[in-house]
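Participant: Pasting model_22.txt below, which is compact mmCIF, C-alpha atoms.
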```txt
# COMPACT_ATOMS: atom_id res chain seq x y z
CA MET A 16 27.14 -14.51 -13.54
CA ASP A 17 25.20 -15.75 -16.53
CA LYS A 18 21.86 -16.18 -14.85
CA PRO A 19 21.22 -12.67 -13.46
CA GLU A 20 22.10 -11.27 -16.87
CA LYS A 21 19.41 -13.40 -18.48
CA GLN A 22 16.93 -12.43 -15.80
CA ASN A 23 17.66 -8.77 -16.42
CA VAL A 24 16.87 -9.18 -20.08
CA PHE A 25 13.59 -10.86 -19.16
CA HIS A 26 12.68 -7.99 -16.81
CA GLU A 27 13.57 -5.51 -19.50
CA VAL A 28 11.37 -7.23 -22.06
CA LEU A 29 8.46 -7.41 -19.63
CA ARG A 30 8.79 -3.75 -18.79
CA GLN A 31 8.98 -2.68 -22.39
CA LEU A 32 5.95 -4.82 -23.21
CA GLY A 33 4.11 -3.03 -20.44
CA HIS A 34 5.09 0.38 -21.71
CA VAL A 35 4.28 -0.37 -25.31
CA SER A 36 0.89 -1.85 -24.58
CA THR A 37 0.19 1.21 -22.43
CA MET A 38 0.96 3.62 -25.22
CA ALA A 39 -1.89 2.43 -27.41
CA ALA A 40 -4.36 2.27 -24.56
CA ALA A 41 -3.38 5.67 -23.17
CA MET A 42 -3.90 7.32 -26.53
CA VAL A 43 -7.26 5.69 -27.22
CA PHE A 44 -8.76 6.23 -23.79
CA SER A 45 -7.62 9.81 -23.54
CA THR A 46 -9.37 10.52 -26.84
CA PHE A 47 -12.48 8.80 -25.54
CA ALA A 48 -12.42 10.88 -22.38
CA GLY A 49 -12.28 14.02 -24.53
CA VAL A 50 -15.14 12.95 -26.77
CA TRP A 51 -17.27 11.89 -23.84
CA PHE A 52 -16.78 15.21 -22.07
CA GLY A 53 -17.55 17.21 -25.22
CA TYR A 54 -20.63 15.14 -25.89
CA TYR A 55 -21.76 15.62 -22.29
CA LEU A 56 -21.37 19.39 -22.65
CA ASP A 57 -23.27 19.40 -25.91
CA THR A 58 -26.21 17.25 -24.93
CA LYS A 59 -26.64 17.75 -21.17
CA VAL A 60 -25.29 21.19 -20.38
CA PHE A 61 -26.17 23.14 -23.56
CA GLU A 62 -29.03 20.82 -24.57
CA ASN A 63 -28.11 20.35 -28.22
CA ARG A 64 -27.84 24.08 -28.96
CA THR A 65 -24.14 23.74 -29.72
CA HIS A 66 -24.43 20.26 -31.01
CA PRO A 67 -21.36 19.17 -32.93
CA TRP A 68 -18.95 21.84 -31.76
CA PHE A 69 -17.98 20.95 -28.21
CA THR A 70 -17.70 17.30 -29.20
CA ILE A 71 -15.30 18.19 -31.99
CA ILE A 72 -13.24 20.61 -29.91
CA PHE A 73 -12.90 18.25 -26.96
CA PHE A 74 -12.17 15.37 -29.27
CA LEU A 75 -9.15 17.34 -30.45
CA PHE A 76 -8.17 18.15 -26.86
CA GLY A 77 -8.44 14.49 -25.95
CA LEU A 78 -6.34 13.53 -28.94
CA ALA A 79 -3.70 16.03 -27.92
CA GLY A 80 -3.78 14.60 -24.40
CA GLY A 81 -3.24 11.13 -25.82
CA ILE A 82 -0.26 12.29 -27.83
CA ARG A 83 1.07 14.01 -24.70
CA ASN A 84 0.85 10.68 -22.87
CA LEU A 85 2.79 9.09 -25.71
CA PHE A 86 5.48 11.74 -25.40
CA ILE A 87 5.84 11.24 -21.66
CA LEU A 88 6.12 7.47 -21.92
CA GLY A 89 8.45 7.65 -24.90
CA LYS A 90 10.73 10.11 -23.19
CA ARG A 91 10.89 7.89 -20.16
CA MET A 92 11.72 4.81 -22.20
CA LYS A 93 14.48 6.66 -23.99
CA ARG A 94 16.00 7.92 -20.77
CA GLN A 95 16.04 4.42 -19.31
CA GLU A 96 17.62 3.10 -22.46
CA GLU A 97 20.40 5.68 -22.16
CA GLU A 98 20.94 4.88 -18.50
CA ARG A 99 21.18 1.21 -19.27
CA GLU A 100 23.73 1.83 -21.97
CA LYS A 101 25.72 4.00 -19.62
CA ALA A 102 25.61 1.28 -16.97
CA ALA A 103 26.73 -1.30 -19.52
CA LYS A 104 29.64 0.91 -20.48
CA MET A 105 30.60 1.39 -16.83
CA LYS A 106 30.59 -2.34 -16.34
CA GLY A 107 33.44 -2.68 -18.82
CA ILE A 108 35.66 -0.47 -16.68
CA PRO A 109 36.62 -2.01 -13.34
CA LYS A 110 35.03 0.15 -10.66
CA LYS A 111 37.14 1.23 -7.71
CA GLU A 112 34.49 2.69 -5.40
CA ASN A 113 32.57 -0.55 -5.53
CA THR A 114 33.65 -1.56 -2.05
CA LYS A 115 32.01 1.24 -0.05
CA MET B 24 -25.15 -17.93 -19.12
CA GLU B 25 -26.99 -17.48 -15.83
CA HIS B 26 -23.98 -17.40 -13.59
CA PRO B 27 -20.84 -19.51 -13.71
CA LEU B 28 -20.22 -22.23 -11.20
CA LEU B 29 -18.54 -20.56 -8.22
CA PHE B 30 -17.76 -22.53 -5.10
CA LEU B 31 -17.93 -19.66 -2.65
CA SER B 32 -21.24 -18.47 -4.05
CA ILE B 33 -22.75 -21.94 -3.75
CA LEU B 34 -21.41 -22.21 -0.22
CA LEU B 35 -22.88 -18.86 0.81
CA ASN B 36 -26.12 -19.67 -0.94
CA ALA B 37 -26.39 -22.87 1.07
CA LEU B 38 -26.02 -20.75 4.19
CA GLY B 39 -29.01 -18.71 3.07
CA LEU B 40 -27.11 -15.58 2.10
CA PRO B 41 -27.74 -13.66 -1.15
CA ALA B 42 -24.53 -14.63 -2.92
CA HIS B 43 -25.32 -14.00 -6.56
CA GLY B 44 -25.55 -10.24 -6.51
CA GLY B 45 -28.56 -8.04 -6.01
CA THR B 46 -29.49 -4.57 -4.93
CA THR B 47 -29.76 -4.87 -1.15
CA PRO B 48 -26.66 -3.74 0.75
CA LEU B 49 -25.90 -7.25 1.99
CA ALA B 50 -26.15 -8.68 -1.52
CA GLU B 51 -23.83 -5.96 -2.78
CA VAL B 52 -21.26 -6.69 -0.09
CA LEU B 53 -21.47 -10.42 -0.90
CA ALA B 54 -21.48 -10.16 -4.71
CA PRO B 55 -19.21 -12.77 -6.37
CA HIS B 56 -16.36 -10.41 -7.12
CA MET B 57 -16.43 -9.20 -3.52
CA GLN B 58 -16.33 -12.76 -2.17
CA TYR B 59 -13.32 -13.55 -4.27
CA SER B 60 -11.63 -10.28 -3.33
CA TYR B 61 -11.99 -11.29 0.31
CA LEU B 62 -10.58 -14.69 -0.57
CA ALA B 63 -7.61 -13.07 -2.33
CA MET B 64 -6.98 -10.90 0.71
CA ILE B 65 -7.14 -13.91 3.01
CA ILE B 66 -4.75 -15.88 0.79
CA CYS B 67 -2.33 -12.96 0.72
CA LEU B 68 -2.45 -12.57 4.50
CA ILE B 69 -1.97 -16.28 5.09
CA LEU B 70 0.98 -16.46 2.68
CA ALA B 71 2.59 -13.44 4.33
CA LYS B 72 2.00 -14.96 7.77
CA VAL B 73 3.47 -18.30 6.71
CA ALA B 74 6.48 -16.56 5.24
CA THR B 75 7.22 -14.46 8.31
CA SER B 76 6.18 -16.75 11.14
CA ARG B 77 9.47 -18.61 11.47
CA MET B 78 12.10 -16.25 10.20
CA GLU B 79 15.53 -17.72 9.79
CA MET B 80 18.86 -16.23 8.93
CA ILE B 81 19.17 -18.51 5.93
CA PRO B 82 15.75 -18.38 4.26
CA ARG B 83 14.05 -21.58 3.26
CA GLY B 84 10.79 -22.47 1.55
CA MET B 85 8.09 -19.82 1.69
CA GLN B 86 10.33 -17.24 3.30
CA ASN B 87 12.72 -17.61 0.39
CA VAL B 88 10.00 -17.01 -2.19
CA MET B 89 8.68 -13.95 -0.39
CA GLU B 90 12.14 -12.50 0.11
CA ALA B 91 12.84 -12.88 -3.59
CA PHE B 92 9.57 -11.12 -4.40
CA VAL B 93 10.02 -8.29 -1.93
CA GLY B 94 13.71 -7.75 -2.64
CA GLY B 95 13.34 -8.00 -6.41
CA LEU B 96 10.48 -5.54 -6.45
CA GLU B 97 12.34 -3.09 -4.27
CA ASP B 98 15.43 -3.20 -6.48
CA PHE B 99 13.25 -2.70 -9.51
CA MET B 100 11.59 0.36 -7.99
CA VAL B 101 14.86 1.89 -6.84
CA GLU B 102 16.12 1.48 -10.38
CA GLN B 103 13.01 3.16 -11.76
CA LEU B 104 12.90 6.06 -9.30
CA GLY B 105 16.62 6.50 -8.89
CA ASP B 106 16.26 7.17 -5.17
CA ARG B 107 15.85 4.70 -2.33
CA ARG B 108 13.97 7.13 -0.09
CA LYS B 109 11.33 7.84 -2.70
CA ALA B 110 11.07 4.16 -3.52
CA ARG B 111 10.49 3.30 0.14
CA MET B 112 7.74 5.90 0.27
CA ILE B 113 5.52 4.25 -2.32
CA TYR B 114 6.83 0.71 -1.93
CA PRO B 115 4.11 -0.63 0.41
CA MET B 116 1.30 0.44 -1.89
CA ILE B 117 2.88 -0.79 -5.10
CA ALA B 118 4.00 -4.10 -3.63
CA THR B 119 0.50 -4.70 -2.28
CA PHE B 120 -0.94 -3.98 -5.71
CA GLY B 121 1.41 -6.42 -7.34
CA TYR B 122 0.81 -9.11 -4.74
CA VAL B 123 -2.98 -8.88 -4.55
CA ILE B 124 -3.44 -8.54 -8.29
CA LEU B 125 -1.16 -11.46 -9.01
CA VAL B 126 -3.03 -13.69 -6.58
CA SER B 127 -6.44 -12.58 -7.80
CA ASN B 128 -5.48 -12.96 -11.45
CA TYR B 129 -4.25 -16.49 -10.98
CA MET B 130 -7.30 -17.40 -8.94
CA GLY B 131 -9.37 -17.21 -12.12
CA LEU B 132 -7.50 -20.14 -13.61
CA VAL B 133 -8.71 -22.53 -10.92
CA PRO B 134 -12.06 -24.08 -11.87
CA GLY B 135 -14.83 -22.92 -9.60
CA PHE B 136 -13.12 -19.65 -8.81
CA MET B 137 -13.17 -16.30 -10.57
CA SER B 138 -10.75 -13.42 -10.80
CA PRO B 139 -12.01 -10.47 -8.81
CA THR B 140 -10.04 -8.36 -11.28
CA ALA B 141 -12.44 -9.44 -14.04
CA ASN B 142 -14.88 -6.89 -12.64
CA ILE B 143 -14.52 -3.25 -13.60
CA ASN B 144 -15.43 -1.99 -10.11
CA VAL B 145 -12.47 -3.76 -8.54
CA THR B 146 -9.91 -2.55 -11.06
CA LEU B 147 -11.33 0.96 -11.03
CA ALA B 148 -10.94 1.04 -7.26
CA TYR B 149 -7.28 -0.01 -7.53
CA THR B 150 -6.70 2.58 -10.24
CA LEU B 151 -8.29 5.40 -8.28
CA ILE B 152 -6.11 4.59 -5.28
CA ALA B 153 -3.00 4.76 -7.47
CA ILE B 154 -4.05 7.97 -9.23
CA VAL B 155 -4.99 9.82 -6.04
CA THR B 156 -1.74 8.70 -4.44
CA TYR B 157 0.49 10.01 -7.17
CA HIS B 158 -1.26 13.36 -7.29
CA ALA B 159 -0.97 13.57 -3.50
CA LEU B 160 2.75 12.75 -3.77
CA GLY B 161 3.15 15.43 -6.43
CA ILE B 162 1.52 18.00 -4.17
CA ARG B 163 3.60 16.85 -1.24
CA PHE B 164 6.86 17.16 -3.18
CA HIS B 165 6.15 20.39 -5.04
CA GLY B 166 3.41 22.12 -3.06
CA PHE B 167 1.44 24.53 -5.15
CA LYS B 168 4.05 24.41 -7.89
CA TYR B 169 2.79 20.94 -8.80
CA ILE B 170 0.49 22.75 -11.22
CA LYS B 171 3.58 23.42 -13.33
CA HIS B 172 3.45 19.76 -14.29
CA PHE B 173 0.22 20.53 -16.08
CA MET B 174 1.40 23.69 -17.80
CA GLY B 175 3.68 22.35 -20.48
CA PRO B 176 6.98 23.87 -21.52
CA ILE B 177 5.74 27.13 -23.09
CA PRO B 178 4.12 29.74 -20.78
CA VAL B 179 1.92 31.22 -23.52
CA MET B 180 0.28 27.89 -24.20
CA ALA B 181 -0.33 27.07 -20.53
CA PRO B 182 -4.17 27.20 -20.60
CA PHE B 183 -4.21 24.93 -23.61
CA PHE B 184 -1.88 22.48 -21.95
CA LEU B 185 -3.97 22.57 -18.78
CA ILE B 186 -6.97 21.19 -20.68
CA VAL B 187 -4.90 18.71 -22.64
CA GLU B 188 -3.20 17.38 -19.52
CA THR B 189 -6.55 16.99 -17.79
CA PHE B 190 -7.65 14.65 -20.54
CA SER B 191 -4.39 12.80 -20.60
CA HIS B 192 -4.81 12.10 -16.88
CA LEU B 193 -8.43 11.05 -17.34
CA GLY B 194 -7.22 8.75 -20.09
CA ARG B 195 -4.76 7.21 -17.66
CA ILE B 196 -7.55 6.30 -15.25
CA ALA B 197 -9.49 4.66 -18.05
CA SER B 198 -6.55 2.88 -19.62
CA LEU B 199 -5.17 1.50 -16.36
CA SER B 200 -8.49 0.14 -15.14
CA ILE B 201 -9.95 -1.03 -18.42
CA ARG B 202 -6.81 -2.83 -19.52
CA LEU B 203 -6.63 -5.06 -16.46
CA PHE B 204 -10.38 -5.61 -16.47
CA GLY B 205 -10.50 -6.30 -20.20
CA ASN B 206 -7.68 -8.80 -20.19
CA MET B 207 -9.03 -10.77 -17.26
CA MET B 208 -12.61 -10.57 -18.46
CA SER B 209 -11.74 -11.72 -21.96
CA LYS B 210 -9.75 -14.63 -20.59
CA GLU B 211 -12.61 -15.78 -18.37
CA MET B 212 -15.15 -15.30 -21.13
CA LEU B 213 -13.10 -17.29 -23.63
CA LEU B 214 -12.53 -20.08 -21.14
CA GLY B 215 -16.22 -20.20 -20.30
CA LEU B 216 -17.26 -20.28 -23.93
CA LEU B 217 -14.75 -22.99 -24.78
CA PHE B 218 -15.84 -25.07 -21.80
CA MET B 219 -19.40 -24.91 -23.00
CA MET B 220 -18.88 -25.28 -26.71
CA ALA B 221 -15.84 -27.47 -27.23
CA GLY B 222 -15.91 -29.75 -24.23
CA PRO B 223 -14.09 -29.46 -20.94
CA TYR B 224 -10.87 -31.38 -21.56
CA LEU B 225 -8.34 -30.21 -24.13
CA ALA B 226 -9.96 -27.31 -25.95
CA PRO B 227 -9.44 -24.62 -23.29
CA LEU B 228 -5.83 -25.61 -22.75
CA PRO B 229 -4.21 -23.11 -25.16
CA ILE B 230 -6.24 -20.28 -23.68
CA MET B 231 -5.19 -21.37 -20.20
CA LEU B 232 -1.56 -21.25 -21.27
CA LEU B 233 -2.11 -17.79 -22.68
CA GLY B 234 -3.99 -16.92 -19.50
CA THR B 235 -1.05 -17.73 -17.26
CA LEU B 236 1.14 -15.40 -19.31
CA VAL B 237 -1.44 -12.63 -19.41
CA CYS B 238 -2.03 -12.85 -15.65
CA LEU B 239 1.64 -12.33 -14.91
CA LEU B 240 2.02 -9.56 -17.50
CA GLN B 241 -1.02 -7.62 -16.31
CA ALA B 242 0.03 -7.78 -12.68
CA PHE B 243 3.47 -6.58 -13.72
CA ILE B 244 2.03 -3.72 -15.76
CA PHE B 245 -0.06 -2.65 -12.82
CA VAL B 246 3.19 -2.37 -10.88
CA VAL B 247 5.17 -0.59 -13.59
CA LEU B 248 2.67 2.08 -14.51
CA PRO B 249 1.93 3.52 -11.06
CA VAL B 250 5.68 3.56 -10.47
CA THR B 251 6.17 5.48 -13.71
CA TYR B 252 3.44 7.95 -12.86
CA CYS B 253 4.73 8.44 -9.32
CA ALA B 254 8.25 8.98 -10.63
CA GLU B 255 6.96 11.57 -13.02
CA ALA B 256 4.88 13.33 -10.35
CA MET B 257 7.77 13.41 -7.89
CA GLY B 258 10.35 14.49 -10.47
CA GLU B 259 10.86 18.01 -11.72
CA ALA B 260 8.45 19.55 -14.24
CA HIS B 261 9.73 19.51 -17.79
```
What is this file in structure tokens?
Facilitator:
Amino acid sequence: MDKPEKQNVFHEVLRQLGHVSTMAAAMVFSTFAGVWFGYYLDTKVFENRTHPWFTIIFFLFGLAGGIRNLFILGKRMKRQEEEREKAAKMKGIPKKENTK
Amino acid sequence: MEHPLLFLSILLNALGLPAHGGTTPLAEVLAPHMQYSYLAMIICLILAKVATSRMEMIPRGMQNVMEAFVGGLEDFMVEQLGDRRKARMIYPMIATFGYVILVSNYMGLVPGFMSPTANINVTLAYTLIAIVTYHALGIRFHGFKYIKHFMGPIPVMAPFFLIVETFSHLGRIASLSIRLFGNMMSKEMLLGLLFMMAGPYLAPLPIMLLGTLVCLLQAFIFVVLPVTYCAEAMGEAH
């Protein structure tokens, strides 16, 4: 009984590590994607006529996308946390429909 | 640093094949990261064959290890997705990712071998497979309404959210591929530098210890994130 519990904690830690390390990367790379696209528009498509503007605008879009990614991952982590707590609470009460 | 010492490359070179990369099609097919990808595939197939060749009711040895891997991963995915049917749908792809990436990550720790995942082309290919799959699953589950996932919660701001979501998905491609590539690459680079500068015996040992941890963690992340994205694509829009 003791060992699976420990293993669960280990899984949990690994998963949270994964999520947390993702959050930083997702935010940074989304911003980069925005900047790159804006820069591409500025230099290749409009040939420097609009120079800083598309870069700035798409930088902001990319930043917003990164924050959106953060929200999605954070929401998911929170939901899992709640589910786990619920499951832990249920464990305290002896379940009757466990046999089916 | 011309090229590191790689057994397979030396072997193929001795056979008269262009094994150190180049621009001809044959050289591209036989570039070092490709050779070691083939090797990883072969190792995976052999391990799977060994595990399933003599199936017994009470698992022993290799069969036991593989059953723990397969069963554990399936339970994990069911827990993540909350539905066994959905989990079964993406299970083969995700399990293959985990298996191949784990084997290819650990291959880099053996002297004379390299991790195929330390090359951006390999990781980008894995990432694109995962990304295309979860969009396809989203379309399959929601049809045309999948676009609602990109619209955000407020109808007035939908065009704005459409652009923002596009970049957040582009960022996912970059983050998923570059993280795996960067971790593996940095590990190999550090090991190589330490081998050359500080002598081959004890100096690289701490990095190797760190490397074993990073290999496991990165393979695990590459399992968790596609599962998360698939769950989100298959679930209802916010």
Participant: Find the residues in chain A near chain B: any atom within 12 Å counts, using only C-alpha atoms. Write them as a PyMOL selection string.
Facilitator: chain A and resi 19+22-23+25-53+72-92+94-96+98-99+102
Participant: Determine, counting only C-alpha atoms, which protein, DNA and RNA residues have an atom within 10 Å of an atom of stretch 65-74 of chain B; residues of the same chain fewer than 4 positions away are not included. Present the result as a list in words.
Facilitator: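 After dropping sequence-adjacent residues, the list is Tyr59, Ser60, Tyr61, Met78, Pro82, Arg83, Gly84, Met85, Gln86, Asn87, Val88, Met89, Glu90, Thr119, Tyr122, Val123, Leu125, Val126 and Ser127 of chain B.
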Participant: For B:Pro229, list every protein, DNA or RNA residue within 12 Å, evaluated using all atoms listed in the file, and leave out those in the same chain fewer than 4 positions away; present the list as a PyMOL selection string.
Facilitator: chain B and resi 210+213-214+217+224-225+233-236
Participant: One number please: atom CA of B:Leu31 to atom CA of B:Met137, in Å, one decimal.
Facilitator: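 Interatomic distance, atom CA of B:Leu31 to atom CA of B:Met137: 9.8 Å.
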Participant: What separation in Å, quoted to one decimal, exists between atom CA of B:Ala221 and atom CA of B:Val133?
Facilitator: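 Computing it gives 18.5 Å between the two atoms.
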Participant: Taking only C-alpha atoms into account, which of B:Met212, B:Ala256, B:Met64, B:Thr47 comes nearest B:His165?
Facilitator: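 Smallest separation from B:His165 among the options: B:Ala256.
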Participant: Using only C-alpha atoms, determine which residues lie at most 12 Å from B:Glu211, disregarding the query and same-chain residues fewer than 6 positions distant; provide the list as a PyMOL selection string.
Facilitator: chain B and resi 27+128-142+204-205+217-218+227+230-231+233-235+237-238
Participant: Which value, in Å to one decimal, gives the distance between atom CA of B:Arg163 and atom CA of B:Ala148?
Facilitator: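 Atom CA of B:Arg163 sits 22.3 Å away from atom CA of B:Ala148.
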Participant: Pick out the residues sitting within 9 Å of A:Tyr54, and hand them over as a list in words; count only C-alpha atoms, and ignore anything fewer than 5 positions along from it in its own chain.
Facilitator: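 These residues fall inside the cut-off: Gly49, Lys59, His66, Pro67, Phe69, Thr70, Ile71 and Phe73 of chain A.
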Participant: Keeping C-alpha atoms, export the residues of the selection given above as a PDB file, keeping the file's coordinate frame.
Facilitator:
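result-v3.pdb written:
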```pdb
ATOM      1  CA  GLY A  49     -12.280  14.020 -24.530  1.00  0.00           C
ATOM      2  CA  LYS A  59     -26.640  17.750 -21.170  1.00  0.00           C
ATOM      3  CA  HIS A  66     -24.430  20.260 -31.010  1.00  0.00           C
ATOM      4  CA  PRO A  67     -21.360  19.170 -32.930  1.00  0.00           C
ATOM      5  CA  PHE A  69     -17.980  20.950 -28.210  1.00  0.00           C
ATOM      6  CA  THR A  70     -17.700  17.300 -29.200  1.00  0.00           C
ATOM      7  CA  ILE A  71     -15.300  18.190 -31.990  1.00  0.00           C
ATOM      8  CA  PHE A  73     -12.900  18.250 -26.960  1.00  0.00           C
TER       9      PHE A  73
END
```
Participant: Might you pull out every residue within 10 Å of stretch 104-114 of chain B, with all atoms listed in the file counted and same-chain residues fewer than 2 positions away left off, and present them as a PDB file with C-alpha atoms, keeping the file's coordinate frame?
Facilitator:
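Result file is selection_36.pdb:
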```
ATOM      1  CA  VAL B  93      10.020  -8.290  -1.930  1.00  0.00           C
ATOM      2  CA  LEU B  96      10.480  -5.540  -6.450  1.00  0.00           C
ATOM      3  CA  GLU B  97      12.340  -3.090  -4.270  1.00  0.00           C
ATOM      4  CA  ASP B  98      15.430  -3.200  -6.480  1.00  0.00           C
ATOM      5  CA  PHE B  99      13.250  -2.700  -9.510  1.00  0.00           C
ATOM      6  CA  MET B 100      11.590   0.360  -7.990  1.00  0.00           C
ATOM      7  CA  VAL B 101      14.860   1.890  -6.840  1.00  0.00           C
ATOM      8  CA  GLU B 102      16.120   1.480 -10.380  1.00  0.00           C
ATOM      9  CA  MET B 116       1.300   0.440  -1.890  1.00  0.00           C
ATOM     10  CA  ILE B 117       2.880  -0.790  -5.100  1.00  0.00           C
ATOM     11  CA  ALA B 118       4.000  -4.100  -3.630  1.00  0.00           C
ATOM     12  CA  THR B 119       0.500  -4.700  -2.280  1.00  0.00           C
ATOM     13  CA  PHE B 120      -0.940  -3.980  -5.710  1.00  0.00           C
ATOM     14  CA  ALA B 153      -3.000   4.760  -7.470  1.00  0.00           C
ATOM     15  CA  THR B 156      -1.740   8.700  -4.440  1.00  0.00           C
ATOM     16  CA  TYR B 157       0.490  10.010  -7.170  1.00  0.00           C
ATOM     17  CA  LEU B 160       2.750  12.750  -3.770  1.00  0.00           C
ATOM     18  CA  PRO B 249       1.930   3.520 -11.060  1.00  0.00           C
ATOM     19  CA  VAL B 250       5.680   3.560 -10.470  1.00  0.00           C
ATOM     20  CA  THR B 251       6.170   5.480 -13.710  1.00  0.00           C
ATOM     21  CA  CYS B 253       4.730   8.440  -9.320  1.00  0.00           C
ATOM     22  CA  ALA B 254       8.250   8.980 -10.630  1.00  0.00           C
ATOM     23  CA  GLU B 255       6.960  11.570 -13.020  1.00  0.00           C
ATOM     24  CA  MET B 257       7.770  13.410  -7.890  1.00  0.00           C
ATOM     25  CA  GLY B 258      10.350  14.490 -10.470  1.00  0.00           C
TER      26      GLY B 258
END
```
